[in-house]
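Q: File coords02.txt below, compact mmCIF, C-alpha atoms:
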```txt
# COMPACT_ATOMS: atom_id res chain seq x y z
CA MET A 1 -14.11 13.25 -26.05
CA SER A 2 -12.80 12.91 -29.59
CA GLY A 3 -11.09 14.82 -32.38
CA GLN A 4 -8.19 17.23 -31.85
CA GLN A 5 -7.84 17.73 -28.11
CA GLN A 6 -6.38 20.97 -26.76
CA ILE A 7 -4.39 21.47 -23.58
CA THR A 8 -6.19 24.40 -21.99
CA ALA A 9 -5.40 26.60 -19.02
CA ASP A 10 -8.29 25.01 -17.14
CA LEU A 11 -6.82 21.55 -17.73
CA ARG A 12 -3.43 22.68 -16.42
CA LEU A 13 -5.07 24.13 -13.31
CA TRP A 14 -6.93 20.86 -12.75
CA ILE A 15 -3.70 18.86 -13.00
CA GLU A 16 -1.95 21.23 -10.58
CA ALA A 17 -4.83 20.74 -8.11
CA GLN A 18 -4.55 16.96 -8.35
CA ILE A 19 -0.80 17.10 -7.69
CA LYS A 20 -1.38 19.31 -4.64
CA GLU A 21 -3.95 16.78 -3.39
CA GLY A 22 -1.23 14.14 -3.45
CA PHE A 23 -2.25 12.09 -6.51
CA SER A 24 0.61 10.48 -8.43
CA HIS A 25 1.49 10.99 -12.09
CA GLU A 26 0.10 7.53 -12.84
CA GLN A 27 -3.17 8.14 -10.99
CA ILE A 28 -3.77 11.46 -12.76
CA LEU A 29 -2.97 9.91 -16.13
CA VAL A 30 -5.42 7.05 -15.53
CA ALA A 31 -8.13 9.52 -14.45
CA MET A 32 -7.64 11.62 -17.59
CA ILE A 33 -7.71 8.64 -19.93
CA SER A 34 -10.83 7.31 -18.17
CA SER A 35 -12.48 10.69 -18.79
CA GLY A 36 -11.79 10.49 -22.52
CA TRP A 37 -8.44 12.20 -22.95
CA GLN A 38 -6.11 10.64 -25.48
CA ALA A 39 -3.13 9.04 -23.73
CA VAL A 40 -0.55 11.07 -25.67
CA VAL A 41 -2.35 14.37 -24.94
CA ALA A 42 -2.77 13.50 -21.25
CA ALA A 43 0.91 12.62 -20.92
CA GLN A 44 1.93 15.83 -22.69
CA ALA A 45 -0.25 17.94 -20.41
CA LEU A 46 1.22 16.30 -17.32
CA ASP A 47 4.76 16.85 -18.60
CA GLU A 48 4.03 20.51 -19.33
CA VAL A 49 2.65 21.12 -15.85
CA ARG A 50 5.62 19.41 -14.22
CA ALA A 51 8.09 21.31 -16.42
CA ALA A 52 6.44 24.62 -15.51
CA LYS A 53 6.58 23.71 -11.82
CA GLN A 54 10.28 22.87 -12.14
CA GLY A 55 10.91 26.20 -13.81
CA ALA A 56 9.16 28.07 -11.02
CA GLU A 57 11.07 26.13 -8.38
CA ALA A 58 14.41 25.65 -10.09
CA SER A 59 16.25 25.38 -6.80
CA SER A 60 13.89 22.74 -5.38
CA PRO A 61 13.85 18.98 -6.08
CA LEU A 62 11.01 17.36 -8.00
CA PRO A 63 7.89 16.92 -5.85
CA LEU A 64 7.60 13.44 -4.42
CA ALA A 65 4.38 12.84 -6.38
CA ALA A 66 6.39 12.95 -9.64
CA LYS A 67 8.43 9.88 -8.66
CA ALA A 68 7.58 6.27 -9.39
CA PHE A 69 5.54 4.48 -6.74
CA PRO A 70 3.84 1.10 -6.35
CA THR A 71 0.53 1.09 -8.17
CA ILE A 72 -2.19 -1.35 -9.17
CA ASP A 73 -3.01 -0.72 -12.82
CA LEU A 74 -6.77 -0.43 -13.16
CA SER A 75 -6.69 1.52 -16.43
CA ALA A 76 -8.32 -1.31 -18.40
CA GLY A 77 -11.48 -0.92 -16.34
CA THR A 78 -11.93 -4.67 -15.95
CA PRO A 79 -13.30 -6.18 -12.72
CA SER A 80 -10.57 -8.83 -12.58
CA LEU A 81 -6.78 -8.79 -13.03
CA TRP A 82 -4.71 -11.69 -14.37
CA LEU A 83 -1.45 -11.93 -12.43
CA GLY A 84 0.14 -14.72 -14.41
CA ASP A 85 -0.93 -17.50 -12.06
CA ARG A 86 -4.24 -16.30 -10.63
CA TRP A 87 -7.23 -14.08 -11.34
CA VAL A 88 -7.79 -11.39 -8.69
CA HIS A 89 -11.01 -9.38 -8.40
CA VAL A 90 -11.14 -5.60 -7.88
CA LEU A 91 -13.84 -4.95 -5.26
CA LEU A 92 -13.26 -1.27 -4.46
CA SER A 93 -10.97 1.55 -5.57
CA LEU A 94 -10.49 4.96 -3.91
CA GLY A 95 -8.40 7.76 -5.36
CA HIS A 96 -7.54 9.65 -2.15
CA PRO A 97 -6.45 7.95 -0.06
CA ARG A 98 -5.29 5.48 -2.69
CA VAL A 99 -6.98 2.27 -1.52
CA VAL A 100 -7.74 -0.84 -3.58
CA LEU A 101 -9.68 -3.78 -2.15
CA LEU A 102 -8.92 -7.11 -3.81
CA GLY A 103 -10.82 -10.39 -3.74
CA GLY A 104 -9.15 -13.77 -3.94
CA LEU A 105 -5.54 -12.61 -3.99
CA LEU A 106 -4.58 -15.76 -2.08
CA SER A 107 -6.14 -19.20 -2.37
CA ALA A 108 -7.56 -20.89 0.71
CA GLU A 109 -4.71 -23.42 0.54
CA GLU A 110 -2.10 -20.64 0.45
CA CYS A 111 -3.72 -18.93 3.45
CA ASP A 112 -3.73 -22.16 5.46
CA ALA A 113 -0.13 -22.97 4.51
CA MET A 114 1.07 -19.52 5.56
CA VAL A 115 -0.69 -19.78 8.92
CA ALA A 116 0.78 -23.25 9.49
CA ALA A 117 4.29 -22.08 8.61
CA ALA A 118 4.03 -19.04 10.88
CA GLN A 119 2.39 -20.63 13.91
CA ALA A 120 5.48 -22.07 15.56
CA ARG A 121 7.44 -18.82 15.12
CA LEU A 122 4.97 -16.35 16.65
CA ALA A 123 6.16 -13.90 19.30
CA ARG A 124 4.71 -10.76 20.93
CA SER A 125 4.50 -8.10 18.19
CA GLU A 126 7.05 -5.31 18.30
CA THR A 127 7.54 -2.02 16.53
CA VAL A 128 10.19 -1.49 13.91
CA ALA A 129 13.23 -0.12 15.72
CA ALA A 130 13.05 3.66 15.91
CA THR A 131 15.92 4.14 18.35
CA PRO A 132 19.55 2.99 18.43
CA GLU A 133 18.65 0.58 21.22
CA GLY A 134 16.44 -1.52 18.93
CA SER A 135 12.78 -2.51 18.87
CA GLU A 136 10.34 -2.09 21.68
CA VAL A 137 6.96 -3.61 22.54
CA ASN A 138 4.18 -1.53 20.99
CA ALA A 139 1.32 -1.01 23.44
CA ALA A 140 -0.95 0.03 20.55
CA ARG A 141 -0.76 -3.43 19.00
CA THR A 142 -1.98 -6.49 20.92
CA SER A 143 -1.04 -9.36 18.66
CA ASP A 144 1.51 -12.11 18.05
CA GLY A 145 3.66 -11.96 14.95
CA MET A 146 6.64 -13.16 12.94
CA PHE A 147 8.47 -12.31 9.71
CA PHE A 148 9.20 -14.57 6.76
CA GLU A 149 12.52 -13.97 5.03
CA ARG A 150 12.09 -12.95 1.41
CA GLY A 151 12.05 -16.06 -0.76
CA GLU A 152 12.53 -18.46 2.15
CA SER A 153 10.18 -21.11 0.74
CA GLU A 154 8.41 -22.01 -2.48
CA LEU A 155 5.15 -20.65 -1.04
CA ILE A 156 6.71 -17.30 -0.09
CA GLN A 157 8.47 -17.02 -3.44
CA ARG A 158 5.23 -17.64 -5.33
CA VAL A 159 3.25 -15.12 -3.29
CA GLU A 160 5.97 -12.45 -3.48
CA ALA A 161 6.22 -12.83 -7.27
CA ARG A 162 2.45 -12.42 -7.55
CA LEU A 163 2.53 -9.31 -5.38
CA ALA A 164 5.33 -7.81 -7.46
CA ARG A 165 3.22 -8.23 -10.60
CA LEU A 166 0.13 -6.86 -8.86
CA MET A 167 1.77 -3.69 -7.55
CA ASN A 168 4.34 -3.20 -10.33
CA TRP A 169 7.12 -3.09 -7.75
CA PRO A 170 10.27 -5.28 -7.48
CA VAL A 171 10.38 -8.02 -4.87
CA ASP A 172 13.63 -6.62 -3.47
CA HIS A 173 11.92 -3.28 -2.80
CA GLY A 174 9.76 -4.91 -0.12
CA GLU A 175 10.22 -6.07 3.45
CA GLY A 176 9.67 -9.70 4.32
CA LEU A 177 6.06 -10.75 4.82
CA GLN A 178 4.88 -10.28 8.39
CA VAL A 179 2.18 -12.59 9.76
CA LEU A 180 0.11 -11.43 12.74
CA ARG A 181 -2.43 -13.26 14.87
CA TYR A 182 -5.05 -11.27 16.77
CA ARG A 183 -6.94 -13.13 19.52
CA PRO A 184 -10.36 -12.02 20.83
CA GLY A 185 -10.11 -8.46 22.12
CA ALA A 186 -6.81 -7.79 20.31
CA GLU A 187 -6.53 -4.68 18.17
CA TYR A 188 -4.08 -2.26 16.53
CA LEU A 189 -4.82 1.39 17.27
CA PRO A 190 -4.81 3.85 14.32
CA HIS A 191 -1.32 4.66 13.05
CA TYR A 192 0.69 5.44 9.91
CA ASP A 193 3.03 2.91 8.29
CA TYR A 194 5.60 5.40 7.02
CA PHE A 195 8.55 6.37 9.19
CA ASP A 196 8.29 9.85 10.69
CA PRO A 197 11.41 11.71 9.49
CA ALA A 198 11.39 13.78 12.68
CA MET A 199 11.57 10.71 14.93
CA ALA A 200 14.90 9.82 16.50
CA GLY A 201 16.38 6.81 14.76
CA SER A 202 14.43 7.19 11.50
CA ALA A 203 17.57 8.11 9.55
CA ALA A 204 19.13 4.75 10.37
CA ILE A 205 15.96 2.87 9.38
CA LEU A 206 15.73 4.70 6.05
CA GLN A 207 19.25 3.57 5.13
CA ARG A 208 17.91 0.03 4.69
CA GLY A 209 15.74 0.82 1.68
CA GLY A 210 14.35 4.29 2.01
CA GLN A 211 10.88 5.30 3.11
CA ARG A 212 7.88 2.97 3.17
CA VAL A 213 5.56 3.97 0.32
CA ALA A 214 2.76 1.37 0.29
CA THR A 215 1.17 -1.42 2.32
CA LEU A 216 -0.68 -4.60 1.35
CA VAL A 217 -2.65 -6.42 4.06
CA MET A 218 -3.77 -9.96 3.19
CA TYR A 219 -6.39 -11.76 5.28
CA LEU A 220 -5.48 -15.36 6.04
CA ASN A 221 -8.78 -16.25 7.69
CA THR A 222 -12.23 -14.82 8.37
CA PRO A 223 -12.87 -13.97 12.04
CA THR A 224 -16.31 -14.76 13.39
CA ALA A 225 -16.82 -11.10 14.34
CA GLY A 226 -14.81 -7.89 14.38
CA GLY A 227 -11.27 -7.24 13.22
CA ALA A 228 -11.94 -4.81 10.36
CA THR A 229 -9.10 -2.72 8.93
CA ILE A 230 -10.26 0.83 9.57
CA PHE A 231 -9.34 4.14 7.88
CA PRO A 232 -10.71 6.76 10.32
CA ASP A 233 -10.00 9.80 8.13
CA VAL A 234 -12.36 8.58 5.41
CA LYS A 235 -14.70 6.44 7.56
CA LEU A 236 -13.81 3.28 5.62
CA ASP A 237 -13.95 -0.19 7.22
CA VAL A 238 -12.55 -3.19 5.33
CA LEU A 239 -13.91 -6.47 6.66
CA PRO A 240 -11.35 -9.29 6.89
CA ILE A 241 -12.32 -12.11 4.51
CA LYS A 242 -10.01 -15.05 3.90
CA GLY A 243 -7.98 -14.64 0.70
CA ASN A 244 -8.86 -10.97 0.23
CA ALA A 245 -6.41 -8.06 0.58
CA VAL A 246 -6.35 -4.28 0.87
CA PHE A 247 -3.66 -2.12 -0.76
CA PHE A 248 -2.96 1.50 0.14
CA SER A 249 -0.11 3.83 -0.78
CA TYR A 250 1.32 7.00 0.70
CA GLU A 251 3.62 9.01 -1.53
CA ARG A 252 4.94 11.23 1.25
CA PRO A 253 5.38 10.67 5.00
CA ASP A 254 2.58 13.05 5.92
CA PRO A 255 -0.97 12.82 7.34
CA SER A 256 -2.26 14.49 4.16
CA THR A 257 -2.09 11.04 2.56
CA LEU A 258 -5.14 10.13 4.71
CA THR A 259 -3.63 6.69 5.34
CA LEU A 260 -4.25 6.66 9.08
CA HIS A 261 -5.43 3.09 9.68
CA GLY A 262 -5.79 0.47 12.36
CA GLY A 263 -7.17 -2.93 13.24
CA ALA A 264 -10.52 -2.89 15.05
CA PRO A 265 -10.82 -5.28 18.02
CA VAL A 266 -11.54 -8.90 17.23
CA ARG A 267 -14.82 -9.69 18.95
CA GLU A 268 -15.03 -13.42 18.32
CA GLY A 269 -12.57 -15.94 16.89
CA GLU A 270 -9.05 -15.06 15.71
CA LYS A 271 -7.76 -12.87 12.91
CA TRP A 272 -4.68 -13.80 10.90
CA VAL A 273 -3.13 -11.33 8.45
CA ALA A 274 0.00 -11.17 6.31
CA THR A 275 1.38 -7.69 5.65
CA LYS A 276 3.77 -6.56 2.92
CA TRP A 277 5.44 -3.15 3.28
CA LEU A 278 7.01 -1.66 0.17
CA ARG A 279 10.08 0.60 0.24
CA GLU A 280 11.40 3.27 -2.12
CA GLY A 281 14.54 1.26 -2.85
CA VAL A 282 16.17 -2.11 -2.30
CA PHE A 283 15.46 -3.32 1.23
CA VAL A 284 18.45 -4.98 2.86
```
Show me this structure written as C-alpha cells.

A:
Amino acid sequence: MSGQQQITADLRLWIEAQIKEGFSHEQILVAMISSGWQAVVAAQALDEVRAAKQGAEASSPLPLAAKAFPTIDLSAGTPSLWLGDRWVHVLLSLGHPRVVLLGGLLSAEECDAMVAAAQARLARSETVAATPEGSEVNAARTSDGMFFERGESELIQRVEARLARLMNWPVDHGEGLQVLRYRPGAEYLPHYDYFDPAMAGSAAILQRGGQRVATLVMYLNTPTAGGATIFPDVKLDVLPIKGNAVFFSYERPDPSTLTLHGGAPVREGEKWVATKWLREGVFV
C-alpha cells in the first residue's frame, strides 16, 4: 500500500470491530502497519475512532482497551529480540488471545540458579488472598511454591530488568517472581489470573497495585513428560522447555480475553516454573 492513503468508512468500521474484540491500541496499530498502512495514517485513524466513541459516550470513561498495557513489540518483524543483555527468539505470536511464546529468555545457568535459590523456601502453594481472613490452600493447584522479593538478589534484579525491557512495563508494576515445583501427577486446573471484581475481598487486593493485566510464565526445567501450559478456549498447548517462556495479556477482567489457562499434569519428572504477574500500577 503506497501513495496518499485515505481513512475510509470501512477502515473505521474495521478498527471499531478490533476494539470490540478486545485488541489494544498498540496491537491494532502494529496490525495496520504490518498490512501496509503508514504509521501516521494508522495512528490518525485510531485517534479518530476513539474520539468518535468518546463523543458518543461522553458520560462514560475511556474503554479499557485504550489504556496502556504491557506489550512485546514485534513490529519490526524480526525472529529475535535484543533485550540489552540477551537475544530472545519469538517462536509464536497470537493476536487474540494475546499470546507470545519466547525461546531462550533465561539461560540454563539462570534457570538452575533460580531453582537452587527457591528450593529451601518452598511451601504448599496458596491462592492470593481473596477474603479478609487471608490466603487459603487452592485445591486446583497441586504444587509447592515461594515468592522472591523484587530485587532481592543480583540474579533477580537482572531477570526483572530484562523482563521490564521485554514487556515495556516498569519493574515496580509487577509482583515478585513466584517459583513453583510440580511433582509427577501435579497440575493446575484452568483458571484466570485477573482478580474477579465481583469476588469478596477483591477491592482490598486491587488497592496494592490495581488489576493484573498480564502474565509471563518461564520454564526453569524440561519435564520428561507432561506439564504443558494449556489454553482451553483456543486449544493451545505450550510445552515446557527450559529457558523458554510464554507471555499473555488480558486487558479487562473478563472471559472474553480468552486467557483461561492451566497446567496439565506432569506425567514424568518434575516441572519448575517462575511466574511474573504484571499490575496496572505500582505494586506495594

Q: To one decimal place, how far is CA of Ala45 in chain A from CA of Arg12 in chain A in Å?

A: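 Straight-line distance from CA of Ala45 in chain A to CA of Arg12 in chain A works out to 7.0 Å.
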
Q: Tell me, in Å to one decimal, how far CA of Leu177 in chain A is from CA of Gly209 in chain A.

A: 15.4 Å

Q: Using all atoms listed in the file, what does the table of range 159-221 of chain A residues within 8 Å of range 149-152 of chain A look like, with each row giving the shortest atom pair and its distance in Å to one decimal, sorted by chain and ascending number, as CSV?

A:
```
residue,atom,partner,partner_atom,distance
A:Glu160,CA,A:Gly151,CA,7.6
A:Glu175,CA,A:Arg150,CA,7.4
A:Gly176,CA,A:Arg150,CA,5.0
A:Leu177,CA,A:Glu149,CA,7.2
```

Q: Which is closer to Arg212 in chain A than all the others in A:Arg267, A:His261, A:His191, A:Lys276, using all atoms listed in the file?

A: A:Lys276

Q: Work out how far apart CA of Ala198 in chain A and CA of Asp254 in chain A are and give it in Å to one decimal.

A: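 We find that CA of Ala198 in chain A and CA of Asp254 in chain A lie 11.1 Å from each other.
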
Q: For a quick check of understanding, using all atoms listed in the file, which of A:Val115, A:Ala214, A:Leu163, A:Ile230 has the smallest distance to Lys271 in chain A?

A: A:Val115

Q: Box along x, y and z, 5 Å on every side, all listed atoms of range 226-236 of chain A inside: centre and edge lengths in Å to one decimal, as AutoDock Vina command-line options.

A:
```
--center_x -12.0 --center_y 1.0 --center_z 9.9 --size_x 15.7 --size_y 27.7 --size_z 19.0
```

Q: Can you list, as a PyMOL selection string, every protein, DNA or RNA residue that comes within 10 Å of Ala161 in chain A when you count all atoms listed in the file, leaving out same-chain residues fewer than 3 positions away?

A: chain A and resi 83-85+151+156-158+164-166+169-171

Q: Of the candidates A:Leu122, A:Leu278, A:Val213, A:Val238, which one gets nearest to Pro253 in chain A if we count all atoms listed in the file?

A: A:Val213

Q: Using all atoms listed in the file, which of the listed residues (A:Glu251, A:Asp144, A:Asp112, A:Asp237) sits closest to Glu26 in chain A?

A: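 Distance minimum relative to Glu26 in chain A lands on A:Glu251.
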
Q: Measuring atom to atom with only C-alpha atoms, identify which of A:Thr275, A:Thr224, A:Ser24, A:Gln211 is nearest to Leu180 in chain A.

A: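 Smallest distance to Leu180 in chain A is found for A:Thr275.
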
Q: When distances are computed from all atoms listed in the file, which of A:Met146, A:Ala274, A:Leu11, A:Leu74 shows the smallest separation from Ala120 in chain A?

A: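 Smallest distance to Ala120 in chain A is found for A:Met146.
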
Q: Missing atoms in range 163-184 of chain A should be modelled up to N, CA and C atoms and reported as a short mmCIF file (atom, residue, chain, number, x, y, z; two decimals), in the coordinates of the input.

A:
```cif
data_model
loop_
_atom_site.label_atom_id
_atom_site.label_comp_id
_atom_site.auth_asym_id
_atom_site.auth_seq_id
_atom_site.Cartn_x
_atom_site.Cartn_y
_atom_site.Cartn_z
N LEU A 163 2.69 -10.67 -5.89
CA LEU A 163 2.53 -9.31 -5.38
C LEU A 163 3.33 -8.30 -6.20
N ALA A 164 4.52 -8.71 -6.64
CA ALA A 164 5.33 -7.81 -7.46
C ALA A 164 4.62 -7.49 -8.77
N ARG A 165 3.97 -8.49 -9.36
CA ARG A 165 3.22 -8.23 -10.60
C ARG A 165 1.99 -7.38 -10.33
N LEU A 166 1.33 -7.62 -9.21
CA LEU A 166 0.13 -6.86 -8.86
C LEU A 166 0.44 -5.38 -8.69
N MET A 167 1.49 -5.07 -7.95
CA MET A 167 1.77 -3.69 -7.55
C MET A 167 2.84 -3.02 -8.40
N ASN A 168 3.33 -3.76 -9.44
CA ASN A 168 4.34 -3.20 -10.33
C ASN A 168 5.54 -2.67 -9.54
N TRP A 169 6.02 -3.49 -8.63
CA TRP A 169 7.12 -3.09 -7.75
C TRP A 169 8.04 -4.29 -7.52
N PRO A 170 9.36 -4.12 -7.60
CA PRO A 170 10.27 -5.28 -7.48
C PRO A 170 10.18 -5.96 -6.12
N VAL A 171 10.40 -7.26 -6.12
CA VAL A 171 10.38 -8.02 -4.87
C VAL A 171 11.40 -7.48 -3.89
N ASP A 172 12.58 -7.08 -4.39
CA ASP A 172 13.63 -6.62 -3.47
C ASP A 172 13.39 -5.23 -2.93
N HIS A 173 12.29 -4.58 -3.37
CA HIS A 173 11.92 -3.28 -2.80
C HIS A 173 10.86 -3.46 -1.70
N GLY A 174 10.75 -4.65 -1.17
CA GLY A 174 9.76 -4.91 -0.12
C GLY A 174 10.38 -5.60 1.07
N GLU A 175 9.81 -5.35 2.24
CA GLU A 175 10.22 -6.07 3.45
C GLU A 175 9.67 -7.49 3.40
N GLY A 176 10.21 -8.36 4.24
CA GLY A 176 9.67 -9.70 4.32
C GLY A 176 8.23 -9.69 4.81
N LEU A 177 7.46 -10.67 4.39
CA LEU A 177 6.06 -10.75 4.82
C LEU A 177 5.98 -10.92 6.33
N GLN A 178 5.12 -10.13 6.95
CA GLN A 178 4.88 -10.28 8.39
C GLN A 178 3.51 -10.90 8.60
N VAL A 179 3.45 -11.95 9.40
CA VAL A 179 2.18 -12.59 9.76
C VAL A 179 1.84 -12.22 11.20
N LEU A 180 0.59 -11.79 11.42
CA LEU A 180 0.11 -11.43 12.74
C LEU A 180 -1.13 -12.24 13.09
N ARG A 181 -1.23 -12.61 14.34
CA ARG A 181 -2.43 -13.26 14.87
C ARG A 181 -3.03 -12.38 15.95
N TYR A 182 -4.32 -12.06 15.79
CA TYR A 182 -5.05 -11.27 16.77
C TYR A 182 -6.08 -12.19 17.45
N ARG A 183 -5.98 -12.34 18.76
CA ARG A 183 -6.94 -13.13 19.52
C ARG A 183 -8.15 -12.25 19.88
N PRO A 184 -9.21 -12.84 20.44
CA PRO A 184 -10.36 -12.02 20.83
C PRO A 184 -9.95 -10.85 21.72
#
```
